[in-house]
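structure.cif, holding mmCIF, C-alpha atoms:
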data_input
#
loop_
_atom_site.group_PDB
_atom_site.id
_atom_site.type_symbol
_atom_site.label_atom_id
_atom_site.label_comp_id
_atom_site.auth_asym_id
_atom_site.auth_seq_id
_atom_site.Cartn_x
_atom_site.Cartn_y
_atom_site.Cartn_z
ATOM 1 C CA MET A 1 -5.085 -10.985 21.037
ATOM 2 C CA THR A 2 -8.063 -8.839 20.131
ATOM 3 C CA TYR A 3 -8.516 -5.441 21.761
ATOM 4 C CA GLU A 4 -11.314 -2.888 21.641
ATOM 5 C CA TYR A 5 -10.632 0.844 21.843
ATOM 6 C CA PHE A 6 -13.104 3.736 21.918
ATOM 7 C CA PRO A 7 -11.484 6.818 20.319
ATOM 8 C CA HIS A 8 -11.937 10.324 21.730
ATOM 9 C CA GLY A 9 -12.426 13.586 19.822
ATOM 10 C CA VAL A 10 -12.822 11.999 16.369
ATOM 11 C CA CYS A 11 -15.598 10.697 14.132
ATOM 12 C CA SER A 12 -14.768 7.009 14.502
ATOM 13 C CA ARG A 13 -16.591 5.277 17.359
ATOM 14 C CA ARG A 14 -14.700 2.028 17.905
ATOM 15 C CA MET A 15 -11.466 0.344 16.867
ATOM 16 C CA ILE A 16 -11.019 -3.409 17.033
ATOM 17 C CA LEU A 17 -7.379 -4.445 16.879
ATOM 18 C CA ASP A 18 -5.750 -7.831 16.674
ATOM 19 C CA VAL A 19 -2.155 -7.608 17.879
ATOM 20 C CA GLU A 20 0.190 -10.584 18.192
ATOM 21 C CA ASP A 21 3.871 -10.558 19.097
ATOM 22 C CA GLY A 22 4.110 -6.783 18.613
ATOM 23 C CA ILE A 23 2.574 -6.896 15.114
ATOM 24 C CA VAL A 24 -0.780 -5.447 14.015
ATOM 25 C CA LYS A 25 -2.603 -8.393 12.458
ATOM 26 C CA GLU A 26 -5.981 -6.720 11.872
ATOM 27 C CA LEU A 27 -7.704 -3.365 12.356
ATOM 28 C CA ILE A 28 -11.410 -2.683 11.998
ATOM 29 C CA VAL A 29 -12.715 0.847 12.539
ATOM 30 C CA GLU A 30 -16.388 1.681 13.023
ATOM 31 C CA GLY A 31 -17.542 5.156 12.055
ATOM 32 C CA GLY A 32 -15.387 7.884 10.587
ATOM 33 C CA CYS A 33 -14.294 8.308 6.961
ATOM 34 C CA ASN A 34 -14.774 4.787 5.663
ATOM 35 C CA GLY A 35 -12.416 4.877 2.673
ATOM 36 C CA ASN A 36 -9.583 6.556 4.551
ATOM 37 C CA LEU A 37 -9.894 4.218 7.504
ATOM 38 C CA GLN A 38 -9.977 1.149 5.257
ATOM 39 C CA GLY A 39 -6.772 2.452 3.692
ATOM 40 C CA ILE A 40 -5.124 2.997 7.076
ATOM 41 C CA SER A 41 -6.243 -0.470 8.183
ATOM 42 C CA SER A 42 -4.661 -2.008 5.107
ATOM 43 C CA LEU A 43 -1.437 -0.045 5.527
ATOM 44 C CA VAL A 44 -0.859 -0.897 9.196
ATOM 45 C CA LYS A 45 -1.618 -4.601 8.796
ATOM 46 C CA GLY A 46 1.646 -6.470 9.302
ATOM 47 C CA MET A 47 3.450 -3.469 10.794
ATOM 48 C CA LYS A 48 5.250 -3.447 14.117
ATOM 49 C CA VAL A 49 3.230 -1.716 16.826
ATOM 50 C CA ASP A 50 6.133 0.649 17.605
ATOM 51 C CA ASP A 51 6.398 1.694 13.942
ATOM 52 C CA VAL A 52 2.673 2.475 13.760
ATOM 53 C CA ILE A 53 2.888 4.535 16.954
ATOM 54 C CA GLU A 54 5.890 6.461 15.651
ATOM 55 C CA ARG A 55 4.277 7.259 12.297
ATOM 56 C CA LEU A 56 0.768 8.150 13.472
ATOM 57 C CA SER A 57 1.225 9.905 16.829
ATOM 58 C CA GLY A 58 0.420 13.597 16.775
ATOM 59 C CA ILE A 59 -1.484 13.681 13.470
ATOM 60 C CA ARG A 60 -4.315 16.202 13.594
ATOM 61 C CA CYS A 61 -7.600 16.330 11.681
ATOM 62 C CA GLY A 62 -8.339 19.900 10.650
ATOM 63 C CA SER A 63 -8.681 22.031 13.771
ATOM 64 C CA LYS A 64 -9.118 19.008 16.046
ATOM 65 C CA PRO A 65 -6.197 18.275 18.385
ATOM 66 C CA THR A 66 -6.243 14.613 17.313
ATOM 67 C CA SER A 67 -7.259 12.346 14.415
ATOM 68 C CA CYS A 68 -8.278 8.753 13.792
ATOM 69 C CA PRO A 69 -4.659 7.810 12.994
ATOM 70 C CA ALA A 70 -3.472 9.495 16.212
ATOM 71 C CA GLN A 71 -6.190 7.680 18.146
ATOM 72 C CA LEU A 72 -4.980 4.400 16.655
ATOM 73 C CA ALA A 73 -1.516 5.243 17.990
ATOM 74 C CA GLU A 74 -3.063 5.956 21.403
ATOM 75 C CA ALA A 75 -4.845 2.593 21.315
ATOM 76 C CA LEU A 76 -1.573 0.814 20.568
ATOM 77 C CA ILE A 77 0.222 2.700 23.354
ATOM 78 C CA LYS A 78 -2.491 1.565 25.770
ATOM 79 C CA ILE A 79 -2.188 -2.029 24.550
ATOM 80 C CA LYS A 80 1.577 -1.917 25.103
ATOM 81 C CA GLU A 81 1.149 -0.463 28.615
ATOM 82 C CA ASP A 82 -1.492 -3.046 29.535
ATOM 83 C CA ASN A 83 0.786 -5.876 28.403
ATOM 84 C CA ALA A 84 4.038 -4.599 29.925
#
Could you write out this file's structure as structure tokens?
Amino acid sequence: MTYEYFPHGVCSRRMILDVEDGIVKELIVEGGCNGNLQGISSLVKGMKVDDVIERLSGIRCGSKPTSCPAQLAEALIKIKEDNA
């Protein structure tokens, strides 16, 4: 199923996630650091949602209290909660 998430406190503006059976099938991020976010998208593709959450939660970007990876984890937490 495809989900849309609007990150907070970071440069990226929108994340479009395709999650099926607890696996990240696709991630598209609009805005933010294009090369880094393409890399993250490639790395999380095929990963279990819980593994992505565990690895990316709490990552900070400079002095910001969050980051695009942490916001991805937040998006996946919300998806899990909405589908519980």
* Expected selection from the PyMOL selection byres ((chain A and resi 77-80) around 10), given as a ChimeraX atom specification -> /A:3-5,17,19,22,49-50,52-53,57,71-76,81-84
* Run the PyMOL selection byres ((chain A and resi 13) around 6) mentally over the shown coordinates, then write out the matched residues as a count of residues only, using the chain letters and numbers from the document. => 5
* Translate the PyMOL selection byres ((chain A and resi 27) around 6), as applied to the file shown, into an explicit residue set as JSON, numbers by chain. => {"A": [16, 17, 26, 28, 41]}
Take the selection from the previous step and output its residues with C-alpha atoms, as a CSV table (one decimal), in the coordinates of the input.
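Saved file again12.csv follows:
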chain,number,residue,atom,x,y,z
A,16,ILE,CA,-11.0,-3.4,17.0
A,17,LEU,CA,-7.4,-4.4,16.9
A,26,GLU,CA,-6.0,-6.7,11.9
A,28,ILE,CA,-11.4,-2.7,12.0
A,41,SER,CA,-6.2,-0.5,8.2
* To do: Mind checking which residues fall within 12 Å of A:Leu43, counting all atoms listed in the file, ignoring those fewer than 6 positions away in the same chain, and posting them as a list in words?
  => Val24, Lys25, Glu26, Leu27, Asn36, Leu37, Asp51, Val52, Arg55, Leu56 and Pro69 of chain A
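In this model, the gap between atom CA of A:Met15 and atom CA of A:Thr66 comes to 15.2 Å.
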* Which residue of A:Thr2, A:Glu20, A:Ile59, A:Cys68 approaches A:Gln38 most closely, using all atoms listed in the file -> A:Cys68
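One finds atom CA of A:Ser63 at 11.2 Å from atom CA of A:Val10.
The space between atom CA of A:Val44 and atom CA of A:Cys61 spans 18.7 Å.
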* In terms of the shortest atom-to-atom distance over only C-alpha atoms, which of A:Cys11, A:Gly58, A:Lys64, A:Met1 is closest to A:Cys33? ->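 For A:Cys33, the nearest of the candidates is A:Cys11.
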* Of the candidates A:Gly46, A:Asn34, A:Pro7, A:Val29, which shows the shortest atom-to-atom distance to A:Ala70, using all atoms listed in the file? ->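 Between A:Gly46, A:Asn34, A:Pro7, A:Val29, the residue approaching A:Ala70 most closely is A:Pro7.
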N, CA and C atoms modelled onto stretch 2-28 of chain A, as a PDB file, keeping the file's coordinate frame:
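Output file selection.pdb follows:
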ATOM      1  N   THR A   2      -7.172  -9.883  20.641  1.00  0.00           N
ATOM      2  CA  THR A   2      -8.063  -8.839  20.131  1.00  0.00           C
ATOM      3  C   THR A   2      -8.343  -7.817  21.226  1.00  0.00           C
ATOM      4  N   TYR A   3      -8.281  -6.554  20.847  1.00  0.00           N
ATOM      5  CA  TYR A   3      -8.516  -5.441  21.761  1.00  0.00           C
ATOM      6  C   TYR A   3      -9.577  -4.524  21.170  1.00  0.00           C
ATOM      7  N   GLU A   4     -10.298  -3.852  22.048  1.00  0.00           N
ATOM      8  CA  GLU A   4     -11.314  -2.888  21.641  1.00  0.00           C
ATOM      9  C   GLU A   4     -10.931  -1.534  22.228  1.00  0.00           C
ATOM     10  N   TYR A   5     -10.994  -0.504  21.397  1.00  0.00           N
ATOM     11  CA  TYR A   5     -10.632   0.844  21.843  1.00  0.00           C
ATOM     12  C   TYR A   5     -11.713   1.807  21.374  1.00  0.00           C
ATOM     13  N   PHE A   6     -12.095   2.734  22.242  1.00  0.00           N
ATOM     14  CA  PHE A   6     -13.104   3.736  21.918  1.00  0.00           C
ATOM     15  C   PHE A   6     -12.414   5.095  21.793  1.00  0.00           C
ATOM     16  N   PRO A   7     -12.207   5.564  20.555  1.00  0.00           N
ATOM     17  CA  PRO A   7     -11.484   6.818  20.319  1.00  0.00           C
ATOM     18  C   PRO A   7     -12.196   8.033  20.914  1.00  0.00           C
ATOM     19  N   HIS A   8     -11.426   9.067  21.161  1.00  0.00           N
ATOM     20  CA  HIS A   8     -11.937  10.324  21.730  1.00  0.00           C
ATOM     21  C   HIS A   8     -11.650  11.477  20.778  1.00  0.00           C
ATOM     22  N   GLY A   9     -12.636  12.359  20.584  1.00  0.00           N
ATOM     23  CA  GLY A   9     -12.426  13.586  19.822  1.00  0.00           C
ATOM     24  C   GLY A   9     -12.377  13.413  18.316  1.00  0.00           C
ATOM     25  N   VAL A  10     -12.837  12.263  17.809  1.00  0.00           N
ATOM     26  CA  VAL A  10     -12.822  11.999  16.369  1.00  0.00           C
ATOM     27  C   VAL A  10     -14.167  11.407  15.945  1.00  0.00           C
ATOM     28  N   CYS A  11     -14.335  11.218  14.660  1.00  0.00           N
ATOM     29  CA  CYS A  11     -15.598  10.697  14.132  1.00  0.00           C
ATOM     30  C   CYS A  11     -15.758   9.193  14.331  1.00  0.00           C
ATOM     31  N   SER A  12     -14.652   8.455  14.319  1.00  0.00           N
ATOM     32  CA  SER A  12     -14.768   7.009  14.502  1.00  0.00           C
ATOM     33  C   SER A  12     -15.228   6.711  15.932  1.00  0.00           C
ATOM     34  N   ARG A  13     -15.996   5.614  16.071  1.00  0.00           N
ATOM     35  CA  ARG A  13     -16.591   5.277  17.359  1.00  0.00           C
ATOM     36  C   ARG A  13     -15.893   4.125  18.076  1.00  0.00           C
ATOM     37  N   ARG A  14     -15.315   3.200  17.287  1.00  0.00           N
ATOM     38  CA  ARG A  14     -14.700   2.028  17.905  1.00  0.00           C
ATOM     39  C   ARG A  14     -13.624   1.471  16.985  1.00  0.00           C
ATOM     40  N   MET A  15     -12.541   1.011  17.602  1.00  0.00           N
ATOM     41  CA  MET A  15     -11.466   0.344  16.867  1.00  0.00           C
ATOM     42  C   MET A  15     -11.288  -1.041  17.477  1.00  0.00           C
ATOM     43  N   ILE A  16     -11.253  -2.038  16.606  1.00  0.00           N
ATOM     44  CA  ILE A  16     -11.019  -3.409  17.033  1.00  0.00           C
ATOM     45  C   ILE A  16      -9.684  -3.823  16.442  1.00  0.00           C
ATOM     46  N   LEU A  17      -8.738  -4.132  17.306  1.00  0.00           N
ATOM     47  CA  LEU A  17      -7.379  -4.445  16.879  1.00  0.00           C
ATOM     48  C   LEU A  17      -7.011  -5.864  17.266  1.00  0.00           C
ATOM     49  N   ASP A  18      -6.336  -6.536  16.373  1.00  0.00           N
ATOM     50  CA  ASP A  18      -5.750  -7.831  16.674  1.00  0.00           C
ATOM     51  C   ASP A  18      -4.244  -7.642  16.617  1.00  0.00           C
ATOM     52  N   VAL A  19      -3.597  -7.809  17.768  1.00  0.00           N
ATOM     53  CA  VAL A  19      -2.155  -7.608  17.879  1.00  0.00           C
ATOM     54  C   VAL A  19      -1.537  -8.885  18.434  1.00  0.00           C
ATOM     55  N   GLU A  20      -0.523  -9.383  17.742  1.00  0.00           N
ATOM     56  CA  GLU A  20       0.190 -10.584  18.192  1.00  0.00           C
ATOM     57  C   GLU A  20       1.688 -10.369  18.045  1.00  0.00           C
ATOM     58  N   ASP A  21       2.410 -10.656  19.109  1.00  0.00           N
ATOM     59  CA  ASP A  21       3.871 -10.558  19.097  1.00  0.00           C
ATOM     60  C   ASP A  21       4.373  -9.208  18.589  1.00  0.00           C
ATOM     61  N   GLY A  22       3.684  -8.124  18.988  1.00  0.00           N
ATOM     62  CA  GLY A  22       4.110  -6.783  18.613  1.00  0.00           C
ATOM     63  C   GLY A  22       3.808  -6.394  17.178  1.00  0.00           C
ATOM     64  N   ILE A  23       2.938  -7.162  16.504  1.00  0.00           N
ATOM     65  CA  ILE A  23       2.574  -6.896  15.114  1.00  0.00           C
ATOM     66  C   ILE A  23       1.064  -6.689  15.021  1.00  0.00           C
ATOM     67  N   VAL A  24       0.643  -5.671  14.260  1.00  0.00           N
ATOM     68  CA  VAL A  24      -0.780  -5.447  14.015  1.00  0.00           C
ATOM     69  C   VAL A  24      -1.225  -6.464  12.968  1.00  0.00           C
ATOM     70  N   LYS A  25      -2.111  -7.359  13.369  1.00  0.00           N
ATOM     71  CA  LYS A  25      -2.603  -8.393  12.458  1.00  0.00           C
ATOM     72  C   LYS A  25      -3.879  -7.954  11.748  1.00  0.00           C
ATOM     73  N   GLU A  26      -4.696  -7.143  12.443  1.00  0.00           N
ATOM     74  CA  GLU A  26      -5.981  -6.720  11.872  1.00  0.00           C
ATOM     75  C   GLU A  26      -6.425  -5.438  12.560  1.00  0.00           C
ATOM     76  N   LEU A  27      -7.108  -4.586  11.806  1.00  0.00           N
ATOM     77  CA  LEU A  27      -7.704  -3.365  12.356  1.00  0.00           C
ATOM     78  C   LEU A  27      -9.044  -3.148  11.684  1.00  0.00           C
ATOM     79  N   ILE A  28     -10.077  -3.023  12.485  1.00  0.00           N
ATOM     80  CA  ILE A  28     -11.410  -2.683  11.998  1.00  0.00           C
ATOM     81  C   ILE A  28     -11.828  -1.408  12.717  1.00  0.00           C
TER      82      ILE A  28
END
